[in-house]
>>> print(open('my_file35.cif').read())   # mmCIF, C-alpha atoms
data_my_file
loop_
_atom_site.label_atom_id
_atom_site.label_comp_id
_atom_site.auth_asym_id
_atom_site.auth_seq_id
_atom_site.Cartn_x
_atom_site.Cartn_y
_atom_site.Cartn_z
CA MET A 1 -57.28 71.83 34.33
CA LEU A 2 -55.73 74.90 32.73
CA PRO A 3 -54.83 75.28 29.03
CA ALA A 4 -51.21 76.34 29.58
CA SER A 5 -47.93 74.93 30.83
CA PRO A 6 -47.08 75.11 34.55
CA ASP A 7 -44.51 77.79 33.79
CA ALA A 8 -47.11 79.93 32.04
CA VAL A 9 -49.60 79.43 34.87
CA TYR A 10 -46.90 80.28 37.41
CA ASP A 11 -46.31 83.54 35.52
CA GLU A 12 -49.99 84.40 35.91
CA TRP A 13 -49.64 84.30 39.68
CA LEU A 14 -46.59 86.54 39.81
CA ASP A 15 -47.44 89.16 37.20
CA PRO A 16 -49.38 92.04 38.81
CA ALA A 17 -51.17 92.93 35.58
CA ALA A 18 -52.24 89.33 34.99
CA LEU A 19 -53.32 88.89 38.60
CA ALA A 20 -55.44 92.04 38.40
CA ASP A 21 -57.25 90.50 35.44
CA TRP A 22 -58.25 87.12 36.81
CA MET A 23 -58.22 87.67 40.58
CA CYS A 24 -61.12 90.07 40.17
CA PRO A 25 -63.57 88.52 37.75
CA ARG A 26 -66.34 90.89 36.60
CA PRO A 27 -68.18 92.55 38.25
CA ALA A 28 -65.36 92.79 40.81
CA ARG A 29 -62.45 95.10 39.94
CA CYS A 30 -58.91 95.04 41.26
CA ARG A 31 -58.17 98.67 42.05
CA ASN A 32 -54.54 98.17 42.91
CA VAL A 33 -52.06 95.31 43.05
CA GLU A 34 -48.84 95.56 45.01
CA MET A 35 -46.59 92.60 44.60
CA GLU A 36 -43.10 91.77 45.80
CA PRO A 37 -42.60 88.37 44.12
CA TRP A 38 -39.95 86.92 46.40
CA VAL A 39 -40.07 84.86 49.59
CA GLY A 40 -40.98 87.22 52.38
CA GLY A 41 -42.33 89.74 49.89
CA ARG A 42 -45.72 91.32 50.32
CA LEU A 43 -48.86 90.95 48.28
CA ARG A 44 -51.76 93.34 48.53
CA ILE A 45 -54.80 93.66 46.31
CA ASP A 46 -57.45 96.35 46.71
CA ILE A 47 -60.76 95.09 45.43
CA SER A 48 -64.08 96.68 44.76
CA ASP A 49 -66.98 94.30 44.34
CA GLY A 50 -70.63 95.29 44.23
CA GLY A 51 -70.04 98.63 45.91
CA ALA A 52 -67.90 97.14 48.71
CA GLU A 53 -64.24 98.08 48.94
CA PHE A 54 -61.88 95.72 50.71
CA TRP A 55 -58.37 94.43 50.47
CA VAL A 56 -56.54 91.16 50.78
CA SER A 57 -52.93 90.99 51.82
CA GLY A 58 -50.29 88.45 52.51
CA GLU A 59 -46.72 87.42 52.32
CA TYR A 60 -45.07 84.94 49.97
CA LEU A 61 -43.92 81.89 51.93
CA VAL A 62 -42.85 79.43 49.25
CA LEU A 63 -41.95 80.18 45.65
CA ASP A 64 -40.93 77.03 43.81
CA ARG A 65 -41.23 77.68 40.07
CA PRO A 66 -43.05 76.09 38.35
CA HIS A 67 -44.39 73.60 40.89
CA ARG A 68 -45.71 75.46 43.83
CA LEU A 69 -46.33 78.77 45.52
CA SER A 70 -47.63 79.46 48.99
CA PHE A 71 -48.57 82.73 50.58
CA SER A 72 -50.33 83.90 53.70
CA TRP A 73 -53.70 85.55 53.17
CA SER A 74 -55.76 87.88 55.23
CA CYS A 75 -58.89 89.77 54.29
CA SER A 76 -59.96 93.19 55.56
CA THR A 77 -63.56 91.98 55.86
CA TRP A 78 -62.61 89.49 58.57
CA PRO A 79 -63.50 90.77 62.06
CA ASP A 80 -60.17 89.75 63.57
CA PRO A 81 -57.31 91.45 61.70
CA SER A 82 -54.76 89.07 63.21
CA LEU A 83 -56.53 86.05 61.74
CA THR A 84 -54.55 84.61 58.91
CA SER A 85 -54.75 81.79 56.47
CA VAL A 86 -52.36 80.15 54.06
CA VAL A 87 -52.97 79.48 50.40
CA HIS A 88 -50.99 76.71 48.70
CA VAL A 89 -51.04 76.51 44.92
CA PHE A 90 -49.80 73.29 43.36
CA LEU A 91 -49.12 73.07 39.63
CA GLU A 92 -48.70 69.71 37.92
CA PRO A 93 -48.01 69.28 34.21
CA ARG A 94 -50.48 67.34 32.14
CA GLU A 95 -50.38 66.23 28.51
CA ASN A 96 -50.88 68.70 25.67
CA GLU A 97 -49.33 71.67 27.49
CA GLN A 98 -51.95 71.69 30.26
CA THR A 99 -51.64 72.17 34.00
CA LEU A 100 -53.59 70.71 36.87
CA MET A 101 -53.84 73.50 39.43
CA THR A 102 -54.77 72.63 43.01
CA ILE A 103 -55.52 75.42 45.47
CA GLN A 104 -55.47 74.52 49.10
CA HIS A 105 -56.66 77.25 51.47
CA THR A 106 -55.98 76.73 55.14
CA LEU A 107 -57.39 78.84 57.96
CA LEU A 108 -54.99 78.87 60.86
CA PRO A 109 -56.06 79.16 64.46
CA PRO A 110 -54.16 81.96 66.20
CA GLY A 111 -50.67 80.84 67.18
CA LEU A 112 -50.18 78.35 64.36
CA VAL A 113 -48.96 80.67 61.60
CA GLY A 114 -45.67 78.80 61.35
CA GLN A 115 -47.27 75.41 60.81
CA HIS A 116 -48.51 75.67 57.27
CA GLN A 117 -49.48 72.05 56.93
CA ARG A 118 -52.11 72.02 59.65
CA GLY A 119 -55.23 74.01 60.08
CA TRP A 120 -58.48 73.97 58.23
CA THR A 121 -57.45 71.82 55.27
CA VAL A 122 -57.07 69.01 57.75
CA ILE A 123 -60.38 69.97 59.27
CA ALA A 124 -62.18 70.13 55.94
CA HIS A 125 -61.35 66.45 55.51
CA GLN A 126 -62.54 65.65 58.99
CA LEU A 127 -65.63 67.78 58.65
CA ALA A 128 -66.52 65.76 55.59
CA GLU A 129 -66.00 62.59 57.58
CA VAL A 130 -68.36 63.75 60.29
CA LEU A 131 -70.95 65.02 57.82
CA VAL A 132 -71.17 62.01 55.53
CA THR A 133 -72.16 59.67 58.32
CA PRO A 134 -75.95 59.45 58.08
CA ALA A 135 -77.74 61.35 60.82
CA ARG A 136 -80.44 59.57 62.78
CA ASN A 137 -84.02 59.83 61.64
CA GLY A 138 -86.53 61.96 63.52
CA MET B 1 -67.48 86.92 57.68
CA VAL B 2 -65.35 84.85 59.96
CA GLU B 3 -66.17 84.42 63.62
CA ASP B 4 -62.67 83.63 64.69
CA GLN B 5 -63.30 82.40 68.20
CA VAL B 6 -66.05 80.07 67.07
CA LEU B 7 -63.82 78.69 64.36
CA ASP B 8 -60.91 78.32 66.75
CA ARG B 9 -62.97 76.20 69.14
CA THR B 10 -64.51 74.16 66.36
CA TYR B 11 -61.03 73.52 65.00
CA ALA B 12 -59.82 72.32 68.41
CA ALA B 13 -62.85 70.11 68.82
CA LEU B 14 -62.52 68.41 65.43
CA ALA B 15 -58.76 68.04 65.53
CA ASP B 16 -58.95 65.04 67.84
CA PRO B 17 -59.94 61.57 66.54
CA THR B 18 -61.73 60.56 69.75
CA ARG B 19 -63.89 63.65 69.59
CA ARG B 20 -64.69 63.01 65.95
CA ALA B 21 -65.69 59.45 66.90
CA LEU B 22 -67.93 60.80 69.66
CA LEU B 23 -69.62 63.15 67.18
CA VAL B 24 -70.20 60.30 64.74
CA ALA B 25 -71.71 58.17 67.54
CA LEU B 26 -74.03 60.98 68.59
CA ARG B 27 -75.23 61.47 65.04
CA SER B 28 -76.90 58.05 65.28
CA GLN B 29 -78.61 58.66 68.59
CA ASP B 30 -78.49 60.66 71.78
CA ALA B 31 -76.42 59.02 74.49
CA ARG B 32 -75.22 59.33 78.04
CA ILE B 33 -71.52 59.69 78.79
CA THR B 34 -71.44 56.12 80.15
CA ASP B 35 -72.88 54.86 76.84
CA LEU B 36 -70.26 56.77 74.88
CA ALA B 37 -67.42 55.67 77.14
CA ALA B 38 -68.26 51.94 76.96
CA PRO B 39 -66.69 51.13 73.57
CA LEU B 40 -63.68 53.36 74.14
CA PRO B 41 -60.41 52.42 75.86
CA MET B 42 -60.75 55.47 78.08
CA THR B 43 -62.02 56.39 81.52
CA PHE B 44 -65.35 58.07 82.14
CA ALA B 45 -63.40 61.18 83.18
CA GLY B 46 -61.47 61.14 79.91
CA VAL B 47 -64.63 60.94 77.82
CA SER B 48 -66.24 63.58 80.00
CA ARG B 49 -63.36 65.94 79.26
CA HIS B 50 -63.71 65.40 75.50
CA ILE B 51 -67.46 66.02 75.74
CA GLY B 52 -66.66 69.25 77.56
CA VAL B 53 -64.56 70.44 74.63
CA LEU B 54 -67.36 69.52 72.20
CA GLU B 55 -69.85 71.43 74.35
CA SER B 56 -67.64 74.53 74.48
CA ALA B 57 -67.40 74.41 70.74
CA GLY B 58 -71.19 74.30 70.50
CA LEU B 59 -71.09 70.95 68.72
CA VAL B 60 -73.02 68.96 71.32
CA GLN B 61 -75.60 69.90 73.93
CA ARG B 62 -76.59 68.32 77.19
CA VAL B 63 -80.02 67.68 78.69
CA VAL B 64 -80.38 66.50 82.26
CA ARG B 65 -83.16 63.97 82.79
CA GLY B 66 -83.37 63.03 86.46
CA ARG B 67 -79.86 62.02 87.37
CA GLU B 68 -78.81 61.27 83.85
CA HIS B 69 -77.05 63.63 81.44
CA TRP B 70 -78.07 63.02 77.84
CA LEU B 71 -75.93 64.37 75.06
CA SER B 72 -77.04 65.19 71.55
CA ILE B 73 -75.55 66.76 68.46
CA ARG B 74 -76.09 70.47 67.98
CA PRO B 75 -76.38 70.73 64.19
CA GLU B 76 -75.83 74.52 64.06
CA GLY B 77 -72.41 73.89 65.59
CA LEU B 78 -70.66 73.09 62.35
CA ALA B 79 -72.43 75.87 60.46
CA THR B 80 -69.71 78.51 60.93
CA ALA B 81 -66.93 76.16 59.86
CA GLU B 82 -68.94 74.96 56.88
CA ALA B 83 -69.70 78.56 55.93
CA TRP B 84 -66.02 79.58 55.91
CA ILE B 85 -65.07 76.52 53.88
CA GLY B 86 -67.93 77.24 51.48
CA GLU B 87 -66.90 80.90 51.09
CA GLN B 88 -63.31 80.08 50.26
CA THR B 89 -64.28 77.26 47.90
CA ALA B 90 -66.57 79.63 45.99
CA PHE B 91 -63.92 82.38 45.97
CA TRP B 92 -61.18 80.18 44.50
CA SER B 93 -63.48 78.36 42.08
CA ALA B 94 -64.46 81.67 40.52
CA ARG B 95 -60.81 82.78 40.30
CA ALA B 96 -59.67 79.49 38.81
CA ASP B 97 -62.43 79.77 36.18
CA ALA B 98 -61.36 83.32 35.38
CA LEU B 99 -57.74 82.20 35.02
CA ALA B 100 -58.74 79.34 32.75
CA SER B 101 -60.74 81.73 30.52
CA ARG B 102 -57.87 84.17 30.39
CA LEU B 103 -55.40 81.43 29.40
CA ALA B 104 -57.80 80.12 26.75
CA ARG B 105 -58.11 83.62 25.25
CA LYS B 106 -54.33 83.99 25.17
CA GLN B 107 -54.04 80.64 23.46
CA ASP B 108 -56.62 81.60 20.82
CA ALA B 109 -54.79 84.85 20.23
CA GLY B 110 -51.72 82.75 19.43
CA ASP B 111 -49.79 84.27 22.35
#
>>> encode(input="my_file35.cif", output="structure tokens")
Amino acid sequence: MLPASPDAVYDEWLDPAALADWMCPRPARCRNVEMEPWVGGRLRIDISDGGAEFWVSGEYLVLDRPHRLSFSWSCSTWPDPSLTSVVHVFLEPRENEQTLMTIQHTLLPPGLVGQHQRGWTVIAHQLAEVLVTPARNG
Amino acid sequence: MVEDQVLDRTYAALADPTRRALLVALRSQDARITDLAAPLPMTFAGVSRHIGVLESAGLVQRVVRGREHWLSIRPEGLATAEAWIGEQTAFWSARADALASRLARKQDAGD
């Protein structure tokens, strides 16, 4: 739960200076933020964290102020540069000028970039289903 | 780190309800394909094919005892998928906390 209205939270996602502040909590530092805040626009953040330098990049897929934003997400530390994931951010208003923010991060198998609803969010559910069943003893 | 091929195969294996049911059954006890096929409305060949996918994904392993093939869960199989999910959960939790702190500071500053 966040202490601000959905509109204010939405602003935090699409303001490069704001993003640099909270996307890299200490000791990480955002070295550079490039943002094109429109559908199809690019996002790139250069990050240094504990001596490692890497970047994350993506493209804005859905921008629905103040309810939702979705963007693709790829990280330079991943061994396969073509691997991509999708991040969905849902913002719901709550009483007293608060917002419930839900972040859904989906890893897409190659070839499924267009199908944002599938992927690892579905699997996380199913993984949980498999894991909560008690394993046999011994 | 993401081992993309491993994740891809794990994804394919878990994306099917029959395969998930087979994994749940094997978590209780090792079984032969005939044992697994019995409660399912599916041929032996059909179940065998699903087991093949689970084996390729490293989720189950097979031991041959005499003429019988016994299948068991391979617990390390879900480790890569769990690790990726864990990494991303930790990543976003930390960012969401940082955003909450930032918004609280702005509020206190009367912004």
>>> resolve_selection(input="my_file35.cif", expression="the PyMOL selection byres ((chain B) within 10 of (chain A))", output="PyMOL selection string")
chain B and resi 1-5+7-17+20-30+73+78+81-82+84-85+88-89+91-107
>>> atom_distance(input="my_file35.cif", atom1="atom CA of A:Arg68", atom2="atom CA of A:Ile47")
24.8 Å
>>> atom_distance(input="my_file35.cif", atom1="atom CA of B:Pro75", atom2="atom CA of B:Gln61")
9.8 Å
>>> resolve_selection(input="my_file35.cif", expression="the PyMOL selection byres ((chain B and resi 35) around 12)", output="PDB file with C-alpha atoms, keeping the file's coordinate frame")
ATOM      1  CA  LEU B  22     -67.930  60.800  69.660  1.00  0.00           C
ATOM      2  CA  ALA B  25     -71.710  58.170  67.540  1.00  0.00           C
ATOM      3  CA  LEU B  26     -74.030  60.980  68.590  1.00  0.00           C
ATOM      4  CA  GLN B  29     -78.610  58.660  68.590  1.00  0.00           C
ATOM      5  CA  ASP B  30     -78.490  60.660  71.780  1.00  0.00           C
ATOM      6  CA  ALA B  31     -76.420  59.020  74.490  1.00  0.00           C
ATOM      7  CA  ARG B  32     -75.220  59.330  78.040  1.00  0.00           C
ATOM      8  CA  ILE B  33     -71.520  59.690  78.790  1.00  0.00           C
ATOM      9  CA  THR B  34     -71.440  56.120  80.150  1.00  0.00           C
ATOM     10  CA  LEU B  36     -70.260  56.770  74.880  1.00  0.00           C
ATOM     11  CA  ALA B  37     -67.420  55.670  77.140  1.00  0.00           C
ATOM     12  CA  ALA B  38     -68.260  51.940  76.960  1.00  0.00           C
ATOM     13  CA  PRO B  39     -66.690  51.130  73.570  1.00  0.00           C
ATOM     14  CA  LEU B  40     -63.680  53.360  74.140  1.00  0.00           C
ATOM     15  CA  THR B  43     -62.020  56.390  81.520  1.00  0.00           C
ATOM     16  CA  PHE B  44     -65.350  58.070  82.140  1.00  0.00           C
ATOM     17  CA  VAL B  47     -64.630  60.940  77.820  1.00  0.00           C
ATOM     18  CA  SER B  48     -66.240  63.580  80.000  1.00  0.00           C
ATOM     19  CA  GLU B  68     -78.810  61.270  83.850  1.00  0.00           C
ATOM     20  CA  HIS B  69     -77.050  63.630  81.440  1.00  0.00           C
ATOM     21  CA  TRP B  70     -78.070  63.020  77.840  1.00  0.00           C
ATOM     22  CA  LEU B  71     -75.930  64.370  75.060  1.00  0.00           C
TER      23      LEU B  71
END
>>> atom_distance(input="my_file35.cif", atom1="atom CA of A:Asn96", atom2="atom CA of A:Arg65")
19.5 Å
>>> closest_residue(input="my_file35.cif", among="A:Asp46, A:Glu36, A:Glu92, A:Asp11", to="A:Tyr60", atoms="all atoms listed in the file")
A:Glu36
>>> resolve_selection(input="my_file35.cif", expression="the PyMOL selection byres ((chain A and resi 41) around 9)", output="PyMOL selection string")
chain A and resi 35-40+42-43+58-61
>>> residues_around(input="my_file35.cif", residues="A:Asp64", least_positions_apart="6", cutoff="12 Å", atoms="all atoms listed in the file", output="PyMOL selection string")
chain A and resi 6-7+10-11+14+37-39+70-71+88-91
